[in-house]
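Enquirer: Structure supplied as my_file-v8.cif; contents: mmCIF, C-alpha atoms and all ligand atoms.
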```
data_upload
#
loop_
_atom_site.label_atom_id
_atom_site.label_comp_id
_atom_site.auth_asym_id
_atom_site.auth_seq_id
_atom_site.Cartn_x
_atom_site.Cartn_y
_atom_site.Cartn_z
CA MET A 1 -124.97 -167.32 2.34
CA PRO A 2 -124.34 -165.21 -0.78
CA PHE A 3 -120.99 -163.57 -0.81
CA ILE A 4 -121.13 -159.84 -1.41
CA GLN A 5 -118.13 -158.80 -3.42
CA LYS A 6 -116.33 -155.69 -2.35
CA SER A 7 -113.21 -155.94 -4.48
CA ASN A 8 -111.93 -153.19 -6.69
CA SER A 9 -113.55 -154.36 -9.88
CA LEU A 10 -116.99 -155.25 -8.53
CA ILE A 11 -118.01 -152.89 -5.80
CA SER A 12 -121.51 -153.01 -4.41
CA LEU A 13 -123.50 -149.89 -5.26
CA ALA A 14 -125.20 -150.11 -1.88
CA THR A 15 -122.11 -149.11 0.07
CA PRO A 16 -122.09 -145.57 1.50
CA THR A 17 -120.14 -142.92 -0.41
CA SER A 18 -117.46 -140.78 1.20
CA PHE A 19 -117.22 -137.21 0.01
CA PRO A 20 -113.95 -135.26 -0.26
CA SER A 21 -113.76 -132.24 2.06
CA LEU A 22 -113.18 -130.05 -1.00
CA TRP A 23 -116.69 -130.93 -2.16
CA THR A 24 -118.15 -129.67 1.13
CA GLU A 25 -116.06 -126.50 0.86
CA LEU A 26 -117.36 -125.86 -2.65
CA LEU A 27 -120.96 -126.31 -1.48
CA ASP A 28 -120.68 -124.26 1.71
CA LYS A 29 -118.04 -121.67 1.00
CA THR A 30 -117.94 -121.01 -2.74
CA ILE A 31 -121.49 -121.54 -4.03
CA PRO A 32 -123.54 -119.41 -1.56
CA PRO A 33 -121.56 -116.16 -2.09
CA PHE A 34 -121.46 -116.89 -5.83
CA VAL A 35 -125.27 -117.23 -5.90
CA LYS A 36 -125.71 -114.05 -3.93
CA ARG A 37 -123.38 -112.10 -6.19
CA ARG A 38 -124.76 -113.50 -9.42
CA PHE A 39 -128.48 -113.63 -8.70
CA SER A 40 -129.24 -110.75 -6.26
CA PRO A 41 -131.70 -108.27 -7.74
CA LYS A 42 -130.11 -105.43 -5.76
CA ASP A 43 -126.45 -104.39 -5.91
CA SER A 44 -126.45 -103.67 -2.18
CA TRP A 45 -127.09 -107.38 -1.44
CA LYS A 46 -124.32 -108.74 -3.60
CA ASP A 47 -121.31 -108.69 -1.31
CA LYS A 48 -123.14 -109.43 1.94
CA PRO A 49 -122.74 -112.91 3.45
CA PHE A 50 -125.30 -115.59 2.58
CA VAL A 51 -127.59 -115.88 5.61
CA LYS A 52 -130.71 -117.78 6.61
CA ASP A 53 -133.03 -115.11 5.14
CA ASP A 54 -131.46 -115.78 1.76
CA LEU A 55 -132.78 -119.33 1.83
CA LEU A 56 -136.28 -118.24 1.03
CA PHE A 57 -135.43 -115.74 -1.67
CA PHE A 58 -132.96 -117.82 -3.64
CA SER A 59 -134.94 -121.03 -3.47
CA ARG A 60 -138.18 -119.74 -4.95
CA GLY A 61 -137.97 -122.21 -7.83
CA LEU A 62 -137.03 -125.20 -5.71
CA THR A 63 -140.35 -127.02 -5.35
CA GLU A 64 -141.28 -126.57 -8.99
CA LEU A 65 -137.87 -127.73 -10.20
CA SER A 66 -138.01 -130.70 -7.89
CA GLU A 67 -141.25 -131.78 -9.53
CA PHE A 68 -139.73 -131.36 -13.00
CA PHE A 69 -136.89 -133.67 -12.03
CA THR A 70 -138.58 -136.35 -9.99
CA VAL A 71 -141.98 -136.92 -11.56
CA ASP A 72 -142.04 -139.38 -14.46
CA ARG A 73 -143.37 -137.28 -17.38
CA GLU A 74 -143.66 -140.43 -19.54
CA GLY A 75 -141.73 -138.72 -22.33
CA ALA A 76 -143.44 -135.27 -22.22
CA ARG A 77 -140.90 -132.45 -22.76
CA LEU A 78 -139.86 -130.05 -20.00
CA PRO A 79 -139.99 -126.26 -20.43
CA ALA A 80 -136.62 -124.51 -20.93
CA TYR A 81 -136.38 -123.90 -17.17
CA PHE A 82 -132.83 -122.49 -17.12
CA THR A 83 -133.92 -119.36 -19.01
CA ASN A 84 -135.41 -118.34 -15.64
CA ALA A 85 -132.88 -117.00 -13.07
CA ARG A 86 -134.89 -118.25 -10.09
CA PHE A 87 -134.57 -121.82 -11.34
CA ARG A 88 -130.86 -121.38 -11.94
CA SER A 89 -130.19 -120.07 -8.41
CA SER A 90 -132.25 -122.94 -6.96
CA TYR A 91 -130.26 -125.39 -9.05
CA PHE A 92 -126.96 -124.13 -7.64
CA LEU A 93 -128.18 -124.22 -4.05
CA TYR A 94 -129.78 -127.66 -4.08
CA PHE A 95 -129.61 -129.78 -7.24
CA PHE A 96 -125.94 -129.14 -7.85
CA ALA A 97 -125.16 -130.79 -4.48
CA LEU A 98 -127.59 -133.62 -5.13
CA GLN A 99 -126.57 -134.46 -8.70
CA GLY A 100 -122.89 -133.86 -7.97
CA ALA A 101 -123.09 -136.41 -5.16
CA LYS A 102 -124.39 -139.00 -7.65
CA PHE A 103 -121.42 -138.44 -9.97
CA LEU A 104 -118.99 -138.58 -7.04
CA SER A 105 -120.57 -141.85 -5.88
CA LEU A 106 -120.11 -143.39 -9.30
CA TYR A 107 -116.50 -142.20 -9.64
CA GLU A 108 -115.80 -143.72 -6.23
CA LYS A 109 -117.54 -147.01 -7.00
CA PHE A 110 -115.85 -147.48 -10.39
CA PRO A 111 -112.19 -146.71 -9.61
CA LEU A 112 -111.02 -148.88 -12.52
CA ALA A 113 -112.98 -146.76 -14.99
CA ILE A 114 -111.37 -143.63 -13.57
CA ASP A 115 -107.96 -145.36 -13.66
CA ALA A 116 -108.53 -146.10 -17.35
CA ALA A 117 -109.30 -142.42 -17.90
CA ILE A 118 -106.22 -141.34 -15.93
CA ASP A 119 -103.99 -143.70 -17.96
CA HIS A 120 -105.44 -142.27 -21.16
CA ALA A 121 -104.87 -138.71 -19.93
CA LYS A 122 -101.28 -139.47 -18.94
CA LYS A 123 -100.61 -140.89 -22.41
CA THR A 124 -102.23 -138.03 -24.32
CA GLY A 125 -101.25 -135.29 -21.88
CA VAL A 126 -104.85 -134.06 -21.55
CA PHE A 127 -107.82 -135.29 -19.56
CA LYS A 128 -110.56 -134.16 -21.93
CA VAL A 129 -114.09 -134.29 -20.54
CA ILE A 130 -117.07 -133.80 -22.84
CA ASP A 131 -119.94 -132.93 -20.51
CA VAL A 132 -123.16 -133.23 -22.51
CA GLY A 133 -126.19 -131.32 -21.20
CA SER A 134 -123.67 -129.99 -18.72
CA GLY A 135 -125.90 -127.36 -17.14
CA PRO A 136 -123.48 -125.56 -14.79
CA GLY A 137 -120.93 -128.37 -15.24
CA THR A 138 -122.02 -130.41 -12.23
CA ALA A 139 -120.46 -133.68 -13.44
CA SER A 140 -117.23 -131.86 -14.36
CA PHE A 141 -116.96 -130.16 -10.96
CA ALA A 142 -117.48 -133.51 -9.24
CA LEU A 143 -114.79 -135.08 -11.42
CA LEU A 144 -112.39 -132.21 -10.86
CA ILE A 145 -112.77 -132.57 -7.12
CA TYR A 146 -112.40 -136.34 -7.34
CA LEU A 147 -109.14 -135.88 -9.30
CA LEU A 148 -107.83 -133.20 -6.93
CA GLU A 149 -108.48 -135.63 -4.09
CA ARG A 150 -106.54 -138.37 -5.94
CA PHE A 151 -103.51 -136.12 -6.42
CA LYS A 152 -103.69 -134.12 -3.21
CA LYS A 153 -100.42 -135.49 -1.80
CA THR A 154 -98.37 -133.77 -4.48
CA LYS A 155 -100.82 -131.02 -5.45
CA VAL A 156 -99.58 -131.46 -9.01
CA LEU A 157 -101.86 -132.63 -11.83
CA PRO A 158 -99.93 -135.00 -14.10
CA PHE A 159 -101.93 -133.89 -17.17
CA LYS A 160 -103.87 -130.90 -18.38
CA ILE A 161 -107.62 -130.96 -17.83
CA HIS A 162 -109.85 -129.67 -20.58
CA LEU A 163 -113.58 -129.41 -19.97
CA HIS A 164 -115.90 -129.18 -22.95
CA TRP A 165 -119.44 -128.29 -21.93
CA ILE A 166 -122.41 -128.55 -24.28
CA ASP A 167 -125.82 -127.22 -23.28
CA ARG A 168 -128.74 -125.60 -25.07
CA ASN A 169 -128.89 -122.87 -22.41
CA GLY A 170 -126.16 -120.24 -22.62
CA SER A 171 -126.98 -118.62 -19.26
CA ILE A 172 -126.34 -121.75 -17.19
CA LEU A 173 -123.07 -122.27 -19.10
CA GLU A 174 -122.02 -118.72 -18.24
CA ASP A 175 -123.01 -119.18 -14.59
CA GLY A 176 -121.03 -122.43 -14.45
CA GLU A 177 -117.95 -120.79 -15.94
CA ILE A 178 -118.02 -118.03 -13.32
CA LEU A 179 -118.39 -120.61 -10.55
CA LEU A 180 -115.48 -122.59 -12.00
CA ASN A 181 -113.27 -119.50 -11.89
CA ASP A 182 -114.38 -118.79 -8.31
CA PHE A 183 -113.55 -122.37 -7.36
CA LEU A 184 -110.16 -122.41 -9.09
CA ALA A 185 -109.29 -119.14 -7.34
CA THR A 186 -109.62 -121.02 -4.04
CA GLN A 187 -107.06 -123.62 -5.21
CA GLY A 188 -104.05 -121.39 -5.73
CA ASP A 189 -101.63 -123.89 -4.17
CA TRP A 190 -102.12 -126.41 -6.99
CA LYS A 191 -99.94 -126.82 -10.07
CA GLY A 192 -102.06 -127.65 -13.08
CA ASP A 193 -103.64 -126.42 -16.26
CA ILE A 194 -107.44 -126.46 -16.36
CA SER A 195 -109.34 -124.97 -19.27
CA LEU A 196 -112.93 -124.78 -20.46
CA THR A 197 -114.78 -124.54 -23.78
CA SER A 198 -118.56 -124.04 -23.78
CA GLU A 199 -120.92 -124.64 -26.67
CA THR A 200 -124.53 -123.47 -26.65
CA ARG A 201 -126.47 -125.88 -28.84
CA ASP A 202 -128.68 -128.95 -28.95
CA TRP A 203 -126.26 -131.67 -27.98
CA TRP A 204 -127.09 -133.95 -30.88
CA LYS A 205 -126.55 -131.33 -33.61
CA HIS A 206 -122.80 -131.65 -33.92
CA PRO A 207 -121.19 -128.95 -36.03
CA LYS A 208 -118.89 -129.95 -38.88
CA GLY A 209 -115.51 -130.96 -37.52
CA PHE A 210 -116.77 -131.76 -34.00
CA ASN A 211 -114.49 -134.34 -32.40
CA PRO A 212 -116.38 -136.73 -30.08
CA ALA A 213 -113.19 -138.41 -28.82
CA ALA A 214 -112.47 -137.71 -25.16
CA THR A 215 -110.95 -139.12 -22.00
CA LEU A 216 -114.43 -139.30 -20.50
CA VAL A 217 -117.82 -138.39 -21.97
CA ILE A 218 -120.60 -137.72 -19.48
CA PHE A 219 -124.30 -137.35 -20.19
CA GLY A 220 -125.76 -136.03 -16.93
CA ASN A 221 -129.55 -136.10 -16.58
CA VAL A 222 -130.08 -134.87 -20.12
CA LEU A 223 -131.45 -137.83 -22.09
CA ASN A 224 -134.81 -137.71 -20.29
CA GLU A 225 -135.14 -134.10 -21.46
CA SER A 226 -134.21 -134.94 -25.05
CA PRO A 227 -136.45 -136.22 -27.84
CA SER A 228 -136.32 -139.93 -28.60
CA GLU A 229 -136.27 -139.64 -32.38
CA ARG A 230 -133.96 -141.91 -34.28
CA THR A 231 -131.92 -139.03 -35.72
CA VAL A 232 -131.07 -137.84 -32.20
CA TYR A 233 -129.55 -141.22 -31.43
CA GLN A 234 -128.08 -141.96 -34.84
CA GLN A 235 -126.50 -138.56 -35.42
CA GLY A 236 -126.02 -137.34 -31.89
CA LEU A 237 -125.29 -140.34 -29.69
CA LEU A 238 -123.63 -142.81 -32.02
CA PRO A 239 -120.43 -140.77 -32.55
CA PHE A 240 -119.82 -140.95 -28.77
CA VAL A 241 -120.56 -144.64 -28.26
CA LYS A 242 -119.16 -146.16 -31.48
CA LYS A 243 -115.57 -146.27 -30.30
CA PRO A 244 -115.19 -144.85 -26.80
CA THR A 245 -111.72 -144.06 -25.49
CA GLY A 246 -110.17 -143.65 -22.01
CA GLY A 247 -112.79 -143.96 -19.28
CA GLY A 248 -115.61 -144.37 -21.83
CA VAL A 249 -119.08 -142.84 -21.72
CA LEU A 250 -121.10 -142.40 -18.53
CA PHE A 251 -124.85 -141.77 -18.61
CA VAL A 252 -126.65 -140.79 -15.41
CA GLU A 253 -130.42 -140.37 -15.40
CA PRO A 254 -133.20 -139.97 -12.82
CA ALA A 255 -134.46 -143.14 -11.16
CA PHE A 256 -137.95 -143.02 -12.66
CA ARG A 257 -139.11 -145.70 -15.07
CA THR A 258 -139.08 -144.03 -18.49
CA ALA A 259 -135.64 -142.49 -17.94
CA SER A 260 -134.16 -145.77 -16.70
CA GLN A 261 -135.71 -147.88 -19.43
CA LYS A 262 -134.52 -145.46 -22.09
CA LEU A 263 -130.98 -146.21 -20.94
CA GLY A 264 -131.64 -149.95 -21.16
CA GLN A 265 -132.94 -149.53 -24.71
CA ILE A 266 -129.96 -147.39 -25.75
CA ARG A 267 -127.71 -150.07 -24.27
CA ASP A 268 -129.37 -152.86 -26.27
CA GLU A 269 -130.20 -151.16 -29.52
CA LEU A 270 -127.40 -148.71 -29.94
CA VAL A 271 -124.39 -149.74 -27.94
CA LEU A 272 -124.40 -153.54 -28.07
CA GLU A 273 -125.98 -154.03 -31.46
CA VAL A 274 -123.82 -151.49 -33.26
CA ASN A 275 -120.66 -152.22 -31.37
CA GLN A 276 -119.95 -155.93 -31.11
CA LYS A 277 -116.89 -155.26 -28.99
CA ALA A 278 -118.61 -153.03 -26.46
CA LYS A 279 -117.81 -153.55 -22.82
CA LEU A 280 -119.63 -152.07 -19.88
CA TRP A 281 -118.28 -150.88 -16.56
CA GLY A 282 -121.72 -151.03 -15.08
CA PRO A 283 -124.28 -151.50 -13.74
CA CYS A 284 -124.60 -154.58 -15.98
CA LEU A 285 -122.38 -157.58 -15.39
CA HIS A 286 -123.32 -159.13 -18.72
CA THR A 287 -123.75 -157.90 -22.26
CA SER A 288 -126.86 -159.87 -23.22
CA LYS A 289 -130.21 -158.16 -23.66
CA CYS A 290 -131.33 -156.06 -20.69
CA PRO A 291 -134.27 -157.79 -18.99
CA LEU A 292 -135.47 -154.51 -17.49
CA ALA A 293 -135.50 -152.26 -20.57
CA GLU A 294 -139.26 -152.66 -20.80
CA GLY A 295 -142.10 -153.92 -18.66
CA ARG A 296 -143.18 -153.31 -15.10
CA ASP A 297 -139.78 -153.17 -13.38
CA TRP A 298 -136.77 -151.06 -14.20
CA CYS A 299 -133.09 -150.85 -13.29
CA HIS A 300 -132.24 -148.10 -10.81
CA PHE A 301 -130.19 -147.75 -7.64
CA SER A 302 -130.26 -146.20 -4.18
CA VAL A 303 -126.93 -145.35 -2.58
CA PRO A 304 -127.02 -144.72 1.18
CA VAL A 305 -125.42 -141.36 1.90
CA LYS A 306 -124.82 -138.67 4.44
CA LEU A 307 -124.87 -135.74 2.07
CA PRO A 308 -122.54 -132.87 2.86
CA GLY A 309 -123.51 -129.20 2.72
CA LYS A 310 -125.07 -127.16 5.51
CA TRP A 311 -127.28 -125.15 3.17
CA PHE A 312 -128.16 -128.26 1.22
CA LYS A 313 -129.49 -129.74 4.46
CA GLN A 314 -131.71 -126.71 5.04
CA PHE A 315 -133.13 -126.95 1.54
CA SER A 316 -133.71 -130.69 1.91
CA ILE A 317 -135.73 -130.05 5.06
CA LYS A 318 -137.71 -127.43 3.16
CA LEU A 319 -138.47 -130.06 0.50
CA GLY A 320 -139.71 -132.56 3.03
CA GLY A 321 -136.81 -134.17 4.93
CA VAL A 322 -133.10 -134.89 5.12
CA ARG A 323 -132.02 -137.08 2.22
CA GLU A 324 -130.51 -140.43 3.12
CA TRP A 325 -130.40 -142.01 -0.33
CA LEU A 326 -129.22 -141.03 -3.76
CA LYS A 327 -131.53 -142.49 -6.35
CA PHE A 328 -130.57 -142.72 -9.99
CA SER A 329 -130.11 -144.97 -12.98
CA PHE A 330 -126.90 -145.15 -14.99
CA LEU A 331 -124.93 -146.86 -17.72
CA TRP A 332 -121.15 -146.70 -18.02
CA ILE A 333 -119.74 -147.85 -21.36
CA ALA A 334 -116.05 -148.79 -21.31
CA SER A 335 -113.50 -148.22 -24.03
CA HIS A 336 -112.38 -151.26 -26.02
CA GLU A 337 -108.84 -151.16 -24.78
CA SER A 338 -109.54 -150.85 -21.07
CA GLY A 339 -112.92 -152.30 -20.18
CA PRO A 340 -113.43 -154.87 -17.46
CA GLU A 341 -111.40 -157.83 -18.74
CA ASP A 342 -113.26 -160.55 -16.93
CA ARG A 343 -116.62 -159.33 -18.14
CA ALA A 344 -115.91 -158.90 -21.84
CA ARG A 345 -119.01 -160.09 -23.66
CA THR A 346 -118.75 -163.63 -22.41
CA ASP A 347 -121.93 -163.87 -20.38
CA GLN A 348 -120.21 -166.72 -18.57
CA ASP A 349 -119.87 -164.43 -15.66
CA ASP A 350 -119.89 -165.70 -12.10
CA TRP A 351 -121.44 -162.58 -10.69
CA LEU A 352 -124.90 -161.09 -10.70
CA ARG A 353 -126.13 -157.60 -9.81
CA VAL A 354 -128.96 -157.38 -7.28
CA VAL A 355 -131.65 -155.13 -8.76
CA SER A 356 -134.22 -154.95 -5.99
CA ASP A 357 -134.41 -154.53 -2.26
CA PRO A 358 -135.83 -157.52 -0.34
CA MET A 359 -139.43 -158.23 -1.35
CA LYS A 360 -142.10 -160.22 0.47
CA THR A 361 -143.27 -163.18 -1.63
CA PRO A 362 -145.46 -166.19 -0.76
CA GLN A 363 -142.18 -168.19 -0.59
CA GLY A 364 -140.54 -165.75 1.84
CA LYS A 365 -138.33 -162.72 1.36
CA LYS A 366 -136.53 -162.58 -1.96
CA ASN A 367 -134.37 -160.25 -4.03
CA GLN A 368 -134.37 -159.89 -7.78
CA VAL A 369 -131.04 -160.25 -9.55
CA CYS A 370 -130.15 -159.36 -13.13
CA ALA A 371 -129.03 -162.29 -15.26
CA PRO A 372 -128.54 -162.37 -19.05
CA GLU A 373 -131.97 -161.75 -20.61
CA ARG A 374 -133.87 -162.55 -17.43
CA VAL A 375 -134.48 -161.45 -13.92
CA ALA A 376 -133.79 -164.27 -11.45
CA TRP A 377 -134.63 -164.55 -7.78
CA VAL A 378 -132.55 -165.24 -4.73
CA ASP A 379 -133.63 -165.89 -1.15
CA THR A 380 -132.86 -162.85 0.96
CA PRO A 381 -130.14 -163.86 3.46
CA PRO A 382 -130.26 -162.81 7.16
CA LYS A 383 -128.08 -159.80 6.39
CA PRO A 384 -130.35 -158.52 3.64
CA LEU A 385 -129.09 -157.95 0.14
CA LEU A 386 -129.65 -154.45 -1.13
CA ARG A 387 -130.29 -153.05 -4.57
CA GLY A 388 -126.87 -152.69 -6.20
CA ASP A 389 -125.08 -155.49 -4.31
CA VAL A 390 -123.16 -158.11 -6.31
CA ILE A 391 -123.55 -161.84 -5.59
CA GLN A 392 -122.17 -165.09 -6.91
CA LYS A 393 -124.24 -166.73 -9.62
CA GLU A 394 -124.66 -170.04 -7.83
CA TYR A 395 -126.93 -168.36 -5.27
CA ALA A 396 -129.48 -167.21 -7.84
CA GLY A 397 -132.63 -169.28 -8.13
CA PRO A 398 -134.01 -170.92 -11.27
CA ALA A 399 -134.47 -168.98 -14.47
CA LYS A 400 -137.63 -166.92 -14.65
CA PRO A 401 -137.68 -165.49 -18.17
CA THR A 402 -139.36 -162.10 -18.28
CA ARG A 403 -139.18 -161.41 -21.99
CA LYS A 404 -138.57 -163.22 -25.22
CA ARG A 405 -135.82 -162.34 -27.66
C1 LIG A 501 -131.24 -131.59 -15.23
S1 LIG A 501 -130.10 -130.57 -16.04
C2 LIG A 501 -128.62 -131.47 -15.72
C3 LIG A 501 -127.43 -130.60 -15.66
C4 LIG A 501 -126.16 -131.35 -15.25
N1 LIG A 501 -125.73 -132.27 -16.27
C5 LIG A 501 -126.40 -132.08 -13.95
O1 LIG A 501 -126.49 -133.31 -13.96
O2 LIG A 501 -126.51 -131.41 -12.92
C6 LIG A 501 -130.36 -130.95 -17.74
C7 LIG A 501 -129.53 -130.07 -18.65
O3 LIG A 501 -129.73 -130.51 -19.99
C8 LIG A 501 -129.83 -129.37 -20.82
N2 LIG A 501 -130.53 -129.76 -22.04
C9 LIG A 501 -131.83 -130.14 -22.18
N3 LIG A 501 -132.10 -130.38 -23.48
C10 LIG A 501 -130.92 -130.17 -24.15
C11 LIG A 501 -130.56 -130.24 -25.51
N4 LIG A 501 -131.45 -130.55 -26.45
N5 LIG A 501 -129.29 -129.95 -25.87
C12 LIG A 501 -128.39 -129.59 -24.95
N6 LIG A 501 -128.69 -129.48 -23.63
C13 LIG A 501 -129.94 -129.77 -23.24
C14 LIG A 501 -130.62 -128.39 -19.96
O4 LIG A 501 -130.47 -127.07 -20.44
C15 LIG A 501 -129.97 -128.61 -18.61
O5 LIG A 501 -128.85 -127.81 -18.45
#
```
If you took the structure in this file and wrote it as structure tokens, what would it be?
Expert:
Amino acid sequence: MPFIQKSNSLISLATPTSFPSLWTELLDKTIPPFVKRRFSPKDSWKDKPFVKDDLLFFSRGLTELSEFFTVDREGARLPAYFTNARFRSSYFLYFFALQGAKFLSLYEKFPLAIDAAIDHAKKTGVFKVIDVGSGPGTASFALLIYLLERFKKTKVLPFKIHLHWIDRNGSILEDGEILLNDFLATQGDWKGDISLTSETRDWWKHPKGFNPAATLVIFGNVLNESPSERTVYQQGLLPFVKKPTGGGVLFVEPAFRTASQKLGQIRDELVLEVNQKAKLWGPCLHTSKCPLAEGRDWCHFSVPVKLPGKWFKQFSIKLGGVREWLKFSFLWIASHESGPEDRARTDQDDWLRVVSDPMKTPQGKKNQVCAPERVAWVDTPPKPLLRGDVIQKEYAGPAKPTRKR
């Protein structure tokens, strides 16, 4: 029976996520009044409580946005949706909770990556987050809440936190800054120093003197909206991935094929080819070529969740049902000094990541697992393996090469 590892360094991605109560408070108590104040067309509405009737008005862009974000556009560009206030209010009421939950899940499932970031911040005195394609700062809010949870016993942050948001849309950056101030105003009993810089620009056009070094760099759902030209990667991405520091660089993308495979290609062609010393926190447990960066299948995950947020639940129902899974693809590049020791470019690893749910085959139920340069198969055990689990290598079946070098 394959052993599913649940230790600190190799946590299954198929385990449920637990959400800090502060996250629920942000979603239910801070965001609705903020949306009403910021996006009401009439002054007389602004200071009234957010009620059921507001659902309809402030979610007018929800269905359209949902299609933008979930349908594979096969590389076609999206319109600049955040110029429209109805899309921004919908984002705060629904997508913020959804995307934020993905970041929180990853922070929880990679505690060693966060520890590496915390060590770096303690040494330098500042936890600097560069949030690329930040939108309203979703990934930063999730991190902030994760860190507040980590230090809640003392209510003292042992370092400053500096958030650096980059987005092409100035309005969503402004909205996010107001929400951040609203949120921090609810945390008056904390001792800490949290600051924010926002830059309105295309993320890959770095101005002269831009410093890509950070405690953690996060690209949240932005690559699939960005062009794939070489200059974007060479000039824009390379400075971040060449020599990551602290907790490294985390990319999160939608679960659809083109977005996921783009990450696999960046991993192979940019990160591992350019940087011979690169280490990865995840999802990969090897640093050979990604077997899913092209072709029919792709690498993505589904985390079982009970998502918090009473308004979020209402919006989910409006969109077709309560959400029980978080679906996404991701890549977390570690820094040289603090990556996963046992998985440093050896490919002699004893562990494999399960990359499919159980599938019916003529030989019975099987799961696909990711091995260096190939996808292998394993018989599904009685307690089924899920996408994102980690198993010992000896349980994987014979090699089934899917692509040549
Ligand atoms: C789906 S939203 C994600 C926002 C946030 N990171 C999250 O995960 O919730 C994508 C963000 O990328 C921004 N974006 C798209 N193209 C961009 C570009 N060329 N440069 C900077 N930001 C860009 C959009 O304005 C939007 O805020």
Enquirer: All residues within 7 Å of ligand LIG 501 (chain A) are required, counting only C-alpha atoms and all ligand atoms; please report them as a PyMOL selection string.
Expert: chain A and resi 69+80+82+95-96+99-100+132-139+166-169+172+201-204+219-222+225-226
Enquirer: May I ask which of the residues A:Gln265, A:Gln187, A:Ser288, A:Ser302 is the closest one to A:Arg374, counting only C-alpha atoms?
Expert: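 Going through A:Gln265, A:Gln187, A:Ser288, A:Ser302 one by one, the smallest distance to A:Arg374 is for A:Ser288.
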Enquirer: Provide the atom CA of A:Asp28 to atom CA of A:Ser89 distance in Å, to one decimal place.
Expert: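 Computing it gives 14.5 Å between the two atoms.
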Enquirer: Select all residues near (-119.8, -138.8, -7.7) (cut-off 9 Å, inclusive, file coordinates), counting all atoms listed in the file, and output them as a PyMOL selection string.
Expert: chain A and resi 17+19+99-109+139+142-143+146
Enquirer: When you count only C-alpha atoms, which of these residues is closest to A:Glu67: A:Pro254, A:Pro32, A:Gly209, A:Pro308?
Expert: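 Of all the options, A:Pro254 lies closest to A:Glu67.
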Enquirer: Rank nothing, just name the residue among A:Ile114, A:Val271, A:Leu10, A:Leu173 nearest to A:Gln392, using all atoms listed in the file.
Expert: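 For A:Gln392, the nearest of the candidates is A:Leu10.
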Enquirer: From the set A:Val126, A:Ile194, A:Val355, A:Val71, which residue has the shortest atom-to-atom contact distance to A:Cys290, counting all atoms listed in the file?
Expert: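 With all atoms listed in the file as the atom set, the closest residue is A:Val355.
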Enquirer: Check the smallest atom-to-atom distance from each of A:Phe110, A:Phe328, A:Trp298, A:Phe256 to A:Gly282 using only C-alpha atoms, then report the winner.
Expert: A:Phe110
Enquirer: With distances taken over only C-alpha atoms, which residue among A:Val129, A:Leu238, A:Leu93, A:Leu27 lies nearest A:Phe57?
Expert: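 The answer is A:Leu93, which sits nearest to A:Phe57.
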Enquirer: For the point (-135.3, -157.2, 3.0) in file coordinates, what residues are within 8 Å, counting only C-alpha atoms? Give the answer as an MDAnalysis selection string?
Expert: chainID A and resid 357:360 365:367 380 384:386
Enquirer: Would you write out those residues with C-alpha atoms, as an mmCIF file, in the coordinates of the input?
Expert:
```cif
data_model
loop_
_atom_site.group_PDB
_atom_site.id
_atom_site.type_symbol
_atom_site.label_atom_id
_atom_site.label_comp_id
_atom_site.auth_asym_id
_atom_site.auth_seq_id
_atom_site.Cartn_x
_atom_site.Cartn_y
_atom_site.Cartn_z
ATOM 1 C CA ASP A 357 -134.410 -154.530 -2.260
ATOM 2 C CA PRO A 358 -135.830 -157.520 -0.340
ATOM 3 C CA MET A 359 -139.430 -158.230 -1.350
ATOM 4 C CA LYS A 360 -142.100 -160.220 0.470
ATOM 5 C CA LYS A 365 -138.330 -162.720 1.360
ATOM 6 C CA LYS A 366 -136.530 -162.580 -1.960
ATOM 7 C CA ASN A 367 -134.370 -160.250 -4.030
ATOM 8 C CA THR A 380 -132.860 -162.850 0.960
ATOM 9 C CA PRO A 384 -130.350 -158.520 3.640
ATOM 10 C CA LEU A 385 -129.090 -157.950 0.140
ATOM 11 C CA LEU A 386 -129.650 -154.450 -1.130
#
```
Enquirer: Skip A:Leu22 itself and residues of its chain fewer than 6 positions away, then list as a PyMOL selection string all residues within 9 Å of it, counting all atoms listed in the file.
Expert: chain A and resi 145-146+148-149
Enquirer: Restricting the output to C-alpha atoms, write the selected residues as an mmCIF file, keeping the file's coordinate frame.
Expert:
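Output file selection.cif follows:
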```cif
data_model
loop_
_atom_site.group_PDB
_atom_site.id
_atom_site.type_symbol
_atom_site.label_atom_id
_atom_site.label_comp_id
_atom_site.auth_asym_id
_atom_site.auth_seq_id
_atom_site.Cartn_x
_atom_site.Cartn_y
_atom_site.Cartn_z
ATOM 1 C CA ILE A 145 -112.770 -132.570 -7.120
ATOM 2 C CA TYR A 146 -112.400 -136.340 -7.340
ATOM 3 C CA LEU A 148 -107.830 -133.200 -6.930
ATOM 4 C CA GLU A 149 -108.480 -135.630 -4.090
#
```
Enquirer: Contacts of A:Leu352 at 7 Å or less, counting only C-alpha atoms, minus same-chain residues fewer than 3 places along, as an MDAnalysis selection string?
Expert: chainID A and resid 285 369:371 390:393
Enquirer: Tell me, as number ranges by chain, which residues lie within 12 Å of A:Arg267, counting all atoms listed in the file; anything in the same chain fewer than 6 positions away does not count.
Expert: A: 233, 237-238, 241-242, 249-251, 260-261, 273-276, 278-280, 282-284, 286-293, 330-333
Enquirer: What are the centre and the three edge lengths of an axis-aligned box that wraps all atoms of stretch 75-87 of chain A in the file, given that 3 Å is added to every side, written as AutoDock Vina command-line options and rounded to one decimal in Å?
Expert:
```
--center_x -138.1 --center_y -127.9 --center_z -16.4 --size_x 16.6 --size_y 27.7 --size_z 18.7
```
